[in-house]
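Peer 1: Data file query.txt (compact mmCIF, C-alpha atoms) is appended below.
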```txt
# COMPACT_ATOMS: atom_id res chain seq x y z
CA MET A 1 7.95 -2.11 10.17
CA GLY A 2 8.47 -0.78 13.63
CA ASN A 3 11.55 -2.71 14.54
CA ARG A 4 13.31 -1.83 11.33
CA ALA A 5 12.68 1.86 11.60
CA GLY A 6 15.80 3.90 11.18
CA ARG A 7 17.63 1.11 9.41
CA ARG A 8 19.88 1.89 6.47
CA GLY A 9 18.95 0.65 3.03
CA GLN A 10 20.62 -2.41 1.58
CA LEU A 11 22.94 -2.25 -1.39
CA ILE A 12 22.11 -5.06 -3.81
CA VAL A 13 24.26 -6.02 -6.76
CA LEU A 14 22.75 -8.08 -9.56
CA SER A 15 24.93 -9.61 -12.25
CA GLY A 16 24.43 -12.31 -14.83
CA PRO A 17 25.35 -13.22 -18.36
CA SER A 18 23.80 -11.55 -21.37
CA GLY A 19 20.55 -13.28 -22.33
CA VAL A 20 19.77 -14.57 -18.84
CA GLY A 21 16.68 -12.34 -18.61
CA LYS A 22 18.00 -10.05 -15.92
CA SER A 23 16.09 -6.94 -16.97
CA THR A 24 12.79 -8.85 -16.99
CA VAL A 25 13.48 -10.10 -13.48
CA ILE A 26 14.39 -6.58 -12.36
CA ALA A 27 11.18 -5.18 -13.87
CA GLU A 28 9.19 -7.85 -12.02
CA LEU A 29 10.95 -6.96 -8.75
CA PHE A 30 10.13 -3.28 -9.15
CA SER A 31 6.49 -4.07 -9.86
CA GLN A 32 6.32 -5.94 -6.53
CA ARG A 33 8.51 -3.88 -4.29
CA GLU A 34 8.41 -0.34 -3.03
CA ASN A 35 11.33 1.24 -1.29
CA LEU A 36 13.71 0.07 -3.97
CA TYR A 37 15.83 2.39 -6.09
CA PHE A 38 17.46 1.41 -9.35
CA SER A 39 20.91 2.89 -9.77
CA VAL A 40 21.15 4.26 -13.30
CA SER A 41 24.72 4.13 -14.60
CA PHE A 42 26.64 7.04 -16.02
CA THR A 43 28.14 6.52 -19.46
CA THR A 44 30.07 8.39 -22.11
CA ARG A 45 28.47 6.26 -24.81
CA LYS A 46 26.07 8.07 -27.18
CA PRO A 47 22.36 7.35 -26.59
CA ARG A 48 20.87 4.76 -28.94
CA ALA A 49 17.41 5.18 -30.45
CA GLY A 50 14.81 4.94 -27.70
CA GLU A 51 17.24 5.43 -24.84
CA GLU A 52 16.32 8.19 -22.44
CA GLU A 53 18.53 10.31 -20.21
CA GLY A 54 18.17 9.27 -16.58
CA ILE A 55 16.31 6.06 -17.42
CA SER A 56 18.63 3.99 -19.61
CA TYR A 57 21.72 5.89 -18.52
CA HIS A 58 22.94 9.27 -17.39
CA PHE A 59 24.74 10.41 -20.54
CA VAL A 60 27.82 12.55 -19.90
CA ASP A 61 30.86 13.51 -21.95
CA VAL A 62 34.36 12.16 -21.36
CA ALA A 63 35.56 15.35 -19.61
CA GLU A 64 32.70 15.16 -17.10
CA PHE A 65 33.25 11.44 -16.55
CA GLN A 66 36.94 11.99 -15.87
CA ARG A 67 36.06 14.80 -13.47
CA MET A 68 33.77 12.35 -11.60
CA ILE A 69 36.61 9.82 -11.40
CA SER A 70 39.06 12.43 -10.05
CA ALA A 71 36.53 13.76 -7.55
CA GLY A 72 35.94 10.23 -6.20
CA GLU A 73 32.28 10.44 -7.11
CA LEU A 74 32.13 6.94 -8.58
CA LEU A 75 31.70 3.76 -6.59
CA GLU A 76 33.00 1.75 -9.55
CA TYR A 77 33.60 2.33 -13.21
CA ALA A 78 34.87 0.45 -16.22
CA GLN A 79 35.81 1.07 -19.80
CA TYR A 80 34.33 -1.11 -22.56
CA VAL A 81 35.53 -0.53 -26.09
CA ASP A 82 35.87 3.27 -26.08
CA ASN A 83 33.17 4.06 -23.55
CA TYR A 84 33.15 4.59 -19.83
CA TYR A 85 30.42 3.20 -17.57
CA GLY A 86 30.18 4.02 -13.88
CA THR A 87 28.05 4.13 -10.75
CA SER A 88 27.54 7.31 -8.76
CA LEU A 89 28.44 6.89 -5.11
CA LYS A 90 26.54 10.01 -4.06
CA LEU A 91 23.20 9.02 -5.59
CA ILE A 92 23.42 5.61 -3.93
CA GLN A 93 24.36 6.90 -0.50
CA GLU A 94 21.51 9.38 -0.48
CA GLN A 95 19.04 6.53 -0.96
CA LEU A 96 20.69 4.17 1.52
CA ASP A 97 20.72 6.92 4.16
CA ARG A 98 16.98 7.35 3.66
CA GLY A 99 16.50 3.61 4.32
CA ILE A 100 15.86 2.79 0.68
CA ASP A 101 17.37 -0.32 -0.86
CA VAL A 102 19.46 0.28 -3.96
CA LEU A 103 19.80 -2.16 -6.83
CA LEU A 104 22.91 -2.11 -9.05
CA ASP A 105 22.90 -3.98 -12.34
CA ILE A 106 26.63 -4.30 -13.02
CA GLU A 107 29.26 -6.65 -14.45
CA VAL A 108 31.42 -9.03 -12.47
CA GLN A 109 34.40 -6.64 -12.42
CA GLY A 110 32.27 -3.83 -10.98
CA ALA A 111 30.70 -6.24 -8.49
CA ALA A 112 34.16 -7.17 -7.21
CA VAL A 113 34.91 -3.48 -6.57
CA VAL A 114 31.59 -3.02 -4.72
CA ARG A 115 32.34 -6.11 -2.62
CA GLU A 116 35.63 -4.53 -1.56
CA LYS A 117 34.35 -1.02 -0.93
CA CYS A 118 30.96 -1.97 0.60
CA PRO A 119 31.38 -5.17 2.61
CA GLY A 120 27.69 -5.07 3.61
CA ALA A 121 26.46 -5.22 -0.01
CA VAL A 122 24.46 -8.27 -1.09
CA LEU A 123 25.78 -9.81 -4.31
CA ILE A 124 23.38 -11.88 -6.37
CA PHE A 125 24.30 -13.71 -9.56
CA ILE A 126 21.55 -14.77 -11.96
CA VAL A 127 22.12 -17.83 -14.11
CA PRO A 128 20.07 -19.65 -16.73
CA PRO A 129 18.79 -23.12 -15.81
CA SER A 130 21.35 -24.54 -18.25
CA TYR A 131 23.88 -23.54 -20.82
CA GLU A 132 21.64 -24.96 -23.58
CA GLU A 133 18.74 -22.82 -22.37
CA LEU A 134 20.92 -19.69 -22.49
CA ALA A 135 21.91 -20.53 -26.08
CA ARG A 136 18.23 -21.05 -26.95
CA ARG A 137 17.28 -17.68 -25.40
CA LEU A 138 20.08 -15.79 -27.15
CA ARG A 139 19.14 -17.29 -30.52
CA GLY A 140 15.44 -16.68 -29.85
CA ARG A 141 16.00 -12.93 -29.52
CA ASN A 142 16.92 -12.78 -33.22
CA THR A 143 19.05 -9.70 -32.58
CA ASP A 144 22.51 -11.13 -33.10
CA ASP A 145 24.09 -13.32 -35.74
CA GLU A 146 25.73 -16.63 -34.84
CA PRO A 147 29.34 -15.44 -34.25
CA VAL A 148 28.07 -12.79 -31.82
CA ILE A 149 25.93 -15.38 -30.04
CA LEU A 150 28.88 -17.76 -29.75
CA GLY A 151 30.94 -14.90 -28.33
CA ARG A 152 28.24 -14.17 -25.75
CA LEU A 153 28.08 -17.83 -24.78
CA ARG A 154 31.84 -17.94 -24.28
CA GLN A 155 31.64 -14.81 -22.17
CA ALA A 156 28.74 -16.27 -20.17
CA ARG A 157 30.87 -19.27 -19.28
CA GLU A 158 33.66 -16.96 -18.11
CA GLU A 159 31.25 -14.90 -16.03
CA CYS A 160 29.64 -17.96 -14.46
CA ARG A 161 33.12 -18.98 -13.25
CA ARG A 162 33.09 -15.84 -11.14
CA ALA A 163 29.68 -16.59 -9.63
CA MET A 164 31.56 -18.03 -6.64
CA GLU A 165 32.47 -14.48 -5.64
CA TYR A 166 28.79 -13.69 -5.07
CA ASP A 167 26.66 -14.32 -1.99
CA TYR A 168 23.69 -15.83 -3.77
CA LEU A 169 22.92 -17.64 -6.99
CA VAL A 170 19.44 -17.29 -8.45
CA VAL A 171 18.40 -19.59 -11.26
CA ASN A 172 16.13 -17.85 -13.73
CA GLU A 173 13.97 -20.82 -14.58
CA SER A 174 10.91 -18.60 -14.51
CA VAL A 175 10.77 -14.84 -13.96
CA SER A 176 8.29 -15.15 -11.09
CA ARG A 177 10.40 -17.70 -9.26
CA ALA A 178 13.62 -15.75 -9.75
CA ALA A 179 11.92 -12.58 -8.47
CA ALA A 180 10.53 -14.49 -5.48
CA ASP A 181 14.01 -15.84 -4.73
CA ILE A 182 15.38 -12.30 -4.71
CA GLN A 183 12.51 -11.08 -2.53
CA ALA A 184 13.29 -13.88 -0.07
CA ILE A 185 16.99 -12.97 -0.12
CA LEU A 186 16.20 -9.33 0.68
CA ARG A 187 13.80 -10.28 3.46
CA ALA A 188 16.31 -12.73 4.91
CA GLN A 189 19.06 -10.11 4.72
CA GLU A 190 16.95 -7.80 6.86
CA CYS A 191 16.87 -10.56 9.47
CA ARG A 192 20.61 -11.14 9.39
CA ILE A 193 22.07 -10.59 12.80
CA GLN A 194 24.45 -7.86 11.61
CA ASN A 195 21.44 -5.86 10.42
CA GLN A 196 19.59 -6.32 13.69
CA MET A 197 22.18 -5.13 16.19
CA GLN A 198 20.29 -1.93 16.81
CA PHE A 199 17.19 -3.95 17.66
CA ILE A 200 19.06 -6.33 19.96
CA GLU A 201 20.52 -3.40 21.86
CA GLY A 202 17.02 -1.94 22.13
CA VAL A 203 15.59 -5.14 23.62
CA LEU A 204 18.43 -5.44 26.09
CA MET B 205 12.84 -27.98 -8.20
CA GLY B 206 15.06 -29.38 -10.90
CA ASN B 207 18.19 -27.49 -10.02
CA ARG B 208 18.01 -28.38 -6.37
CA ALA B 209 17.57 -32.08 -6.95
CA GLY B 210 20.04 -34.15 -5.00
CA ARG B 211 20.76 -31.40 -2.55
CA ARG B 212 21.20 -32.17 1.15
CA GLY B 213 18.66 -30.88 3.63
CA GLN B 214 19.39 -27.81 5.72
CA LEU B 215 19.86 -28.00 9.46
CA ILE B 216 17.93 -25.18 11.12
CA VAL B 217 18.29 -24.22 14.76
CA LEU B 218 15.58 -22.13 16.40
CA SER B 219 16.10 -20.62 19.82
CA GLY B 220 14.38 -17.91 21.79
CA PRO B 221 13.39 -16.98 25.30
CA SER B 222 10.50 -18.63 27.11
CA GLY B 223 7.25 -16.86 26.28
CA VAL B 224 8.36 -15.59 22.88
CA GLY B 225 5.78 -17.79 21.11
CA LYS B 226 8.27 -20.10 19.45
CA SER B 227 6.05 -23.18 19.37
CA THR B 228 3.23 -21.25 17.71
CA VAL B 229 5.62 -20.01 15.05
CA ILE B 230 6.94 -23.54 14.55
CA ALA B 231 3.40 -24.92 14.19
CA GLU B 232 2.65 -22.23 11.60
CA LEU B 233 5.82 -23.15 9.68
CA PHE B 234 4.89 -26.82 9.60
CA SER B 235 1.40 -25.98 8.36
CA GLN B 236 2.97 -24.13 5.41
CA ARG B 237 5.98 -26.22 4.59
CA GLU B 238 6.50 -29.77 3.46
CA ASN B 239 9.88 -31.38 3.44
CA LEU B 240 10.58 -30.22 6.97
CA TYR B 241 11.29 -32.55 9.87
CA PHE B 242 11.04 -31.56 13.50
CA SER B 243 13.78 -33.07 15.62
CA VAL B 244 12.17 -34.40 18.80
CA SER B 245 14.58 -34.29 21.73
CA PHE B 246 15.47 -37.20 23.96
CA THR B 247 15.01 -36.65 27.67
CA THR B 248 15.29 -38.51 30.95
CA ARG B 249 12.57 -36.34 32.45
CA LYS B 250 9.27 -38.10 33.27
CA PRO B 251 6.39 -37.33 30.87
CA ARG B 252 3.94 -34.69 32.11
CA ALA B 253 0.20 -35.05 31.65
CA GLY B 254 -0.64 -34.84 27.97
CA GLU B 255 2.91 -35.38 26.74
CA GLU B 256 3.31 -38.18 24.22
CA GLU B 257 6.32 -40.36 23.44
CA GLY B 258 7.87 -39.35 20.12
CA ILE B 259 5.87 -36.12 19.89
CA SER B 260 6.79 -34.04 22.93
CA TYR B 261 9.97 -35.99 23.58
CA HIS B 262 11.55 -39.39 23.25
CA PHE B 263 11.48 -40.50 26.88
CA VAL B 264 14.41 -42.68 27.93
CA ASP B 265 15.97 -43.65 31.25
CA VAL B 266 19.30 -42.33 32.52
CA ALA B 267 21.17 -45.53 31.65
CA GLU B 268 20.00 -45.37 28.03
CA PHE B 269 20.81 -41.64 27.81
CA GLN B 270 24.31 -42.24 29.12
CA ARG B 271 24.75 -45.04 26.62
CA MET B 272 23.77 -42.62 23.84
CA ILE B 273 26.36 -40.11 25.09
CA SER B 274 29.11 -42.76 25.20
CA ALA B 275 28.19 -44.09 21.76
CA GLY B 276 28.42 -40.57 20.28
CA GLU B 277 24.82 -40.74 19.18
CA LEU B 278 23.97 -37.22 20.35
CA LEU B 279 24.67 -34.06 18.42
CA GLU B 280 24.30 -32.05 21.60
CA TYR B 281 22.94 -32.59 25.07
CA ALA B 282 22.54 -30.68 28.30
CA GLN B 283 21.52 -31.28 31.86
CA TYR B 284 18.88 -29.07 33.49
CA VAL B 285 18.12 -29.63 37.14
CA ASP B 286 18.34 -33.44 37.30
CA ASN B 287 17.29 -34.21 33.76
CA TYR B 288 19.15 -34.77 30.53
CA TYR B 289 17.98 -33.38 27.20
CA GLY B 290 19.64 -34.23 23.90
CA THR B 291 19.40 -34.36 20.12
CA SER B 292 19.94 -37.57 18.16
CA LEU B 293 22.57 -37.17 15.48
CA LYS B 294 21.44 -40.28 13.60
CA LEU B 295 17.79 -39.24 13.21
CA ILE B 296 18.88 -35.85 11.89
CA GLN B 297 21.43 -37.16 9.43
CA GLU B 298 18.95 -39.62 7.97
CA GLN B 299 16.63 -36.74 7.10
CA LEU B 300 19.34 -34.41 5.81
CA ASP B 301 20.68 -37.18 3.56
CA ARG B 302 17.20 -37.56 2.07
CA GLY B 303 17.17 -33.83 1.25
CA ILE B 304 14.77 -32.98 4.06
CA ASP B 305 15.31 -29.87 6.16
CA VAL B 306 15.53 -30.48 9.89
CA LEU B 307 14.37 -28.03 12.54
CA LEU B 308 15.91 -28.11 16.03
CA ASP B 309 14.25 -26.22 18.86
CA ILE B 310 17.11 -25.94 21.34
CA GLU B 311 18.67 -23.63 23.91
CA VAL B 312 21.57 -21.26 23.32
CA GLN B 313 24.13 -23.67 24.79
CA GLY B 314 23.01 -26.46 22.47
CA ALA B 315 22.94 -24.06 19.53
CA ALA B 316 26.58 -23.16 20.19
CA VAL B 317 27.50 -26.86 20.01
CA VAL B 318 25.60 -27.29 16.74
CA ARG B 319 27.35 -24.23 15.32
CA GLU B 320 30.70 -25.83 16.07
CA LYS B 321 29.89 -29.34 14.87
CA CYS B 322 27.78 -28.36 11.84
CA PRO B 323 29.18 -25.16 10.31
CA GLY B 324 26.52 -25.24 7.59
CA ALA B 325 23.62 -25.06 10.06
CA VAL B 326 21.37 -21.99 9.99
CA LEU B 327 20.87 -20.46 13.43
CA ILE B 328 17.78 -18.36 13.98
CA PHE B 329 16.97 -16.54 17.20
CA ILE B 330 13.40 -15.44 17.86
CA VAL B 331 12.81 -12.37 20.01
CA PRO B 332 9.74 -10.53 21.23
CA PRO B 333 9.14 -7.05 19.78
CA SER B 334 10.12 -5.65 23.18
CA TYR B 335 10.98 -6.66 26.70
CA GLU B 336 7.67 -5.20 27.93
CA GLU B 337 5.76 -7.31 25.41
CA LEU B 338 7.54 -10.45 26.62
CA ALA B 339 6.57 -9.61 30.23
CA ARG B 340 2.97 -9.06 29.10
CA ARG B 341 2.90 -12.42 27.28
CA LEU B 342 4.40 -14.33 30.20
CA ARG B 343 1.89 -12.81 32.63
CA GLY B 344 -0.95 -13.39 30.16
CA ARG B 345 -0.35 -17.15 30.17
CA ASN B 346 -1.45 -17.28 33.84
CA THR B 347 0.67 -20.38 34.37
CA ASP B 348 3.41 -18.98 36.59
CA ASP B 349 3.44 -16.80 39.66
CA GLU B 350 5.33 -13.51 39.72
CA PRO B 351 8.71 -14.72 41.05
CA VAL B 352 8.85 -17.38 38.31
CA ILE B 353 7.95 -14.78 35.69
CA LEU B 354 10.66 -12.43 36.93
CA GLY B 355 13.12 -15.33 36.76
CA ARG B 356 12.11 -16.05 33.18
CA LEU B 357 12.50 -12.38 32.25
CA ARG B 358 15.99 -12.31 33.74
CA GLN B 359 16.86 -15.46 31.81
CA ALA B 360 15.40 -13.97 28.61
CA ARG B 361 17.72 -11.00 28.94
CA GLU B 362 20.68 -13.36 29.36
CA GLU B 363 19.66 -15.39 26.33
CA CYS B 364 19.12 -12.32 24.15
CA ARG B 365 22.72 -11.34 24.89
CA ARG B 366 23.75 -14.48 23.04
CA ALA B 367 21.59 -13.71 20.01
CA MET B 368 24.75 -12.28 18.39
CA GLU B 369 26.00 -15.85 18.00
CA TYR B 370 23.12 -16.60 15.62
CA ASP B 371 22.87 -15.96 11.88
CA TYR B 372 19.41 -14.43 11.90
CA LEU B 373 17.14 -12.60 14.28
CA VAL B 374 13.39 -12.91 13.77
CA VAL B 375 11.08 -10.59 15.66
CA ASN B 376 7.85 -12.31 16.64
CA GLU B 377 5.59 -9.31 16.27
CA SER B 378 2.98 -11.50 14.63
CA VAL B 379 3.11 -15.25 14.09
CA SER B 380 2.43 -14.94 10.36
CA ARG B 381 5.21 -12.41 9.87
CA ALA B 382 7.70 -14.39 11.92
CA ALA B 383 6.86 -17.55 9.95
CA ALA B 384 7.20 -15.63 6.66
CA ASP B 385 10.60 -14.31 7.80
CA ILE B 386 11.75 -17.87 8.47
CA GLN B 387 10.38 -19.07 5.12
CA ALA B 388 12.33 -16.28 3.42
CA ILE B 389 15.48 -17.24 5.34
CA LEU B 390 15.17 -20.86 4.24
CA ARG B 391 14.52 -19.89 0.62
CA ALA B 392 17.45 -17.48 0.66
CA GLN B 393 19.69 -20.12 2.22
CA GLU B 394 18.94 -22.43 -0.71
CA CYS B 395 20.23 -19.66 -2.99
CA ARG B 396 23.41 -19.12 -1.01
CA ILE B 397 26.40 -19.70 -3.19
CA GLN B 398 27.81 -22.45 -0.98
CA ASN B 399 24.59 -24.41 -1.49
CA GLN B 400 24.66 -23.93 -5.24
CA MET B 401 28.16 -25.15 -6.07
CA GLN B 402 26.80 -28.36 -7.58
CA PHE B 403 24.59 -26.30 -9.88
CA ILE B 404 27.40 -23.95 -10.92
CA GLU B 405 29.59 -26.90 -11.82
CA GLY B 406 26.70 -28.31 -13.81
CA VAL B 407 26.26 -25.11 -15.83
CA LEU B 408 29.96 -24.83 -16.49
```
Re-express the file's structure as structure tokens.

Peer 2:
Amino acid sequence: MGNRAGRRGQLIVLSGPSGVGKSTVIAELFSQRENLYFSVSFTTRKPRAGEEEGISYHFVDVAEFQRMISAGELLEYAQYVDNYYGTSLKLIQEQLDRGIDVLLDIEVQGAAVVREKCPGAVLIFIVPPSYEELARRLRGRNTDDEPVILGRLRQAREECRRAMEYDYLVVNESVSRAAADIQAILRAQECRIQNQMQFIEGVL
Amino acid sequence: MGNRAGRRGQLIVLSGPSGVGKSTVIAELFSQRENLYFSVSFTTRKPRAGEEEGISYHFVDVAEFQRMISAGELLEYAQYVDNYYGTSLKLIQEQLDRGIDVLLDIEVQGAAVVREKCPGAVLIFIVPPSYEELARRLRGRNTDDEPVILGRLRQAREECRRAMEYDYLVVNESVSRAAADIQAILRAQECRIQNQMQFIEGVL
């Protein structure tokens, strides 16, 4: 697109409760969209069966993770149970500088940090069409027993409370519609006046 | 769309310099989109050949227009040369209340008034891909002689300076792309968190 040549990529944060179908929506987005880079998190957690280095996560040890923290190499990081999870600032900036949009799949706490450090980031929260539907989806996966599911539902309610801190809310009623909503959001963001200043100056 | 039931319509303001192809883009939008209402301006100007009451404009006399001003029935109005032009607040609100989006095709001054009175309105400015292209389009219409065209180009430059007051900038490189940009903007606006509060409360 001629008029958008030379533009920086957009930083996109996607969050949503467990069971909302976020990874399916993300996969659908990547099947439709070029010029989009998925930021793979760094973690100190051990790989589970089937998880691959550089695809599921970048697996590092605690010493290396702490070095990254000290060196300021992480945009955000968090500790869950005994494991660290974090996002590499350098990898993201390389892509953005090349005009490539970067998608982060992170939790609400991490999203709040990105909001603060990168005011231009677009924050999207994905929700289920209803609480009942989320419960149905979590039970349908047959991966967790009932106490775990109830815990996830409680957590989902907490997370949804923080949806107000996001720019956009996408309802995952169907994967195709949720992906189309996100596509529209990204296209609209490109038209936002703050992202078009270079063009305006050119026309003037 | 279940989750958007009961929502209010969106007020959309479209502005852009003469010759940018705004009416073609608007016609394309209306061919694609239901649930969109075009706000026809009121004017005291006499109808030109081919102009129809209620389609081009609502034609009223000066006394009636001044009555509308006094009665607070106009969202915005302006005087050009000896004629008044204005937008009926009542007609717009009726549509918005019914959940129908309303499109206003107004000048930058009017847009500034709408911005102030309706903070939720979406302001979109349409520009040509370049100044040269605008000059080419204006000359290609063969309707104006050179001094008029130069006047319009000067005015276009003035208007583009005020594009920064808008939310979005759409480049009319092709009608289909400009219309698709606007469609994306409207879809994204529906996902904006402020427009989803009702849904969030429902899920919680």

Peer 1: Give the residues of chain A that lie within 10 Å of chain B; count all atoms listed in the file, and format the answer as a ChimeraX atom specification.

Peer 2: /A:1-3,123-125,127-132,156-158,160-171,173,180-197,199-204

Peer 1: Please produce a file of the residues just selected, as an mmCIF file, keeping the file's coordinate frame, where the atoms kept are C-alpha atoms.

Peer 2:
```cif
data_model
loop_
_atom_site.group_PDB
_atom_site.id
_atom_site.type_symbol
_atom_site.label_atom_id
_atom_site.label_comp_id
_atom_site.auth_asym_id
_atom_site.auth_seq_id
_atom_site.Cartn_x
_atom_site.Cartn_y
_atom_site.Cartn_z
ATOM 1 C CA MET A 1 7.950 -2.110 10.170
ATOM 2 C CA GLY A 2 8.470 -0.780 13.630
ATOM 3 C CA ASN A 3 11.550 -2.710 14.540
ATOM 4 C CA LEU A 123 25.780 -9.810 -4.310
ATOM 5 C CA ILE A 124 23.380 -11.880 -6.370
ATOM 6 C CA PHE A 125 24.300 -13.710 -9.560
ATOM 7 C CA VAL A 127 22.120 -17.830 -14.110
ATOM 8 C CA PRO A 128 20.070 -19.650 -16.730
ATOM 9 C CA PRO A 129 18.790 -23.120 -15.810
ATOM 10 C CA SER A 130 21.350 -24.540 -18.250
ATOM 11 C CA TYR A 131 23.880 -23.540 -20.820
ATOM 12 C CA GLU A 132 21.640 -24.960 -23.580
ATOM 13 C CA ALA A 156 28.740 -16.270 -20.170
ATOM 14 C CA ARG A 157 30.870 -19.270 -19.280
ATOM 15 C CA GLU A 158 33.660 -16.960 -18.110
ATOM 16 C CA CYS A 160 29.640 -17.960 -14.460
ATOM 17 C CA ARG A 161 33.120 -18.980 -13.250
ATOM 18 C CA ARG A 162 33.090 -15.840 -11.140
ATOM 19 C CA ALA A 163 29.680 -16.590 -9.630
ATOM 20 C CA MET A 164 31.560 -18.030 -6.640
ATOM 21 C CA GLU A 165 32.470 -14.480 -5.640
ATOM 22 C CA TYR A 166 28.790 -13.690 -5.070
ATOM 23 C CA ASP A 167 26.660 -14.320 -1.990
ATOM 24 C CA TYR A 168 23.690 -15.830 -3.770
ATOM 25 C CA LEU A 169 22.920 -17.640 -6.990
ATOM 26 C CA VAL A 170 19.440 -17.290 -8.450
ATOM 27 C CA VAL A 171 18.400 -19.590 -11.260
ATOM 28 C CA GLU A 173 13.970 -20.820 -14.580
ATOM 29 C CA ALA A 180 10.530 -14.490 -5.480
ATOM 30 C CA ASP A 181 14.010 -15.840 -4.730
ATOM 31 C CA ILE A 182 15.380 -12.300 -4.710
ATOM 32 C CA GLN A 183 12.510 -11.080 -2.530
ATOM 33 C CA ALA A 184 13.290 -13.880 -0.070
ATOM 34 C CA ILE A 185 16.990 -12.970 -0.120
ATOM 35 C CA LEU A 186 16.200 -9.330 0.680
ATOM 36 C CA ARG A 187 13.800 -10.280 3.460
ATOM 37 C CA ALA A 188 16.310 -12.730 4.910
ATOM 38 C CA GLN A 189 19.060 -10.110 4.720
ATOM 39 C CA GLU A 190 16.950 -7.800 6.860
ATOM 40 C CA CYS A 191 16.870 -10.560 9.470
ATOM 41 C CA ARG A 192 20.610 -11.140 9.390
ATOM 42 C CA ILE A 193 22.070 -10.590 12.800
ATOM 43 C CA GLN A 194 24.450 -7.860 11.610
ATOM 44 C CA ASN A 195 21.440 -5.860 10.420
ATOM 45 C CA GLN A 196 19.590 -6.320 13.690
ATOM 46 C CA MET A 197 22.180 -5.130 16.190
ATOM 47 C CA PHE A 199 17.190 -3.950 17.660
ATOM 48 C CA ILE A 200 19.060 -6.330 19.960
ATOM 49 C CA GLU A 201 20.520 -3.400 21.860
ATOM 50 C CA GLY A 202 17.020 -1.940 22.130
ATOM 51 C CA VAL A 203 15.590 -5.140 23.620
ATOM 52 C CA LEU A 204 18.430 -5.440 26.090
#
```

Peer 1: Just need the box for range 387-404 of chain B, edges along x, y and z, holding every atom the file lists for it with 4 Å tacked onto each side, so centre and edge lengths in Å to one decimal, as lines of an AutoDock Vina configuration file.

Peer 2:
```
center_x = 19.3
center_y = -22.3
center_z = -2.8
size_x = 25.8
size_y = 20.1
size_z = 24.3
```

Peer 1: Excluding range 88-103 of chain A and residues on its chain fewer than 3 positions from it, collect all residues at most 12 Å away from it, counting all atoms listed in the file, and give them as a count of residues only.

Peer 2: 58

Peer 1: Pick out the closest residue to Lys22 in chain A from this set: A:Glu159, A:Asp105, A:Glu64, A:Gly110. Count only C-alpha atoms.

Peer 2: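 Under the stated criterion, the closest residue is A:Asp105.
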
Peer 1: Counting all atoms listed in the file, which residues come within 12 Å of (11.7, -14.9, 32.7), with the point read in the file's coordinates, and could you list them as an NGL selection string?

Peer 2: :B and (220-224 or 335-336 or 338-343 or 348-364)

Peer 1: Write out the residues from the selection above, keeping C-alpha atoms, as an mmCIF file, in the frame of the given file.

Peer 2:
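Once everything was written out, this is out_1.cif:
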```cif
data_model
loop_
_atom_site.group_PDB
_atom_site.id
_atom_site.type_symbol
_atom_site.label_atom_id
_atom_site.label_comp_id
_atom_site.auth_asym_id
_atom_site.auth_seq_id
_atom_site.Cartn_x
_atom_site.Cartn_y
_atom_site.Cartn_z
ATOM 1 C CA GLY B 220 14.380 -17.910 21.790
ATOM 2 C CA PRO B 221 13.390 -16.980 25.300
ATOM 3 C CA SER B 222 10.500 -18.630 27.110
ATOM 4 C CA GLY B 223 7.250 -16.860 26.280
ATOM 5 C CA VAL B 224 8.360 -15.590 22.880
ATOM 6 C CA TYR B 335 10.980 -6.660 26.700
ATOM 7 C CA GLU B 336 7.670 -5.200 27.930
ATOM 8 C CA LEU B 338 7.540 -10.450 26.620
ATOM 9 C CA ALA B 339 6.570 -9.610 30.230
ATOM 10 C CA ARG B 340 2.970 -9.060 29.100
ATOM 11 C CA ARG B 341 2.900 -12.420 27.280
ATOM 12 C CA LEU B 342 4.400 -14.330 30.200
ATOM 13 C CA ARG B 343 1.890 -12.810 32.630
ATOM 14 C CA ASP B 348 3.410 -18.980 36.590
ATOM 15 C CA ASP B 349 3.440 -16.800 39.660
ATOM 16 C CA GLU B 350 5.330 -13.510 39.720
ATOM 17 C CA PRO B 351 8.710 -14.720 41.050
ATOM 18 C CA VAL B 352 8.850 -17.380 38.310
ATOM 19 C CA ILE B 353 7.950 -14.780 35.690
ATOM 20 C CA LEU B 354 10.660 -12.430 36.930
ATOM 21 C CA GLY B 355 13.120 -15.330 36.760
ATOM 22 C CA ARG B 356 12.110 -16.050 33.180
ATOM 23 C CA LEU B 357 12.500 -12.380 32.250
ATOM 24 C CA ARG B 358 15.990 -12.310 33.740
ATOM 25 C CA GLN B 359 16.860 -15.460 31.810
ATOM 26 C CA ALA B 360 15.400 -13.970 28.610
ATOM 27 C CA ARG B 361 17.720 -11.000 28.940
ATOM 28 C CA GLU B 362 20.680 -13.360 29.360
ATOM 29 C CA GLU B 363 19.660 -15.390 26.330
ATOM 30 C CA CYS B 364 19.120 -12.320 24.150
#
```

Peer 1: Between B:Arg271, B:Tyr288, B:Gly225, B:Glu320, which is the closest to Glu337 in chain B once you count only C-alpha atoms?

Peer 2: B:Gly225

Peer 1: Please, what distance in Å, to one decimal, runs between CA of Arg141 in chain A and CA of Thr24 in chain A?

Peer 2: 13.6 Å

Peer 1: Mind pulling up the distance from CA of Thr347 in chain B to CA of Ala282 in chain B?

Peer 2: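 Computing the Euclidean distance for CA of Ala282 in chain B and CA of Thr347 in chain B yields 24.9 Å.
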
Peer 1: What gap, in Å, lies between CA of Ser31 in chain A and CA of Ser176 in chain A?

Peer 2: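 Rounded to one decimal, the two atoms are 11.3 Å apart.
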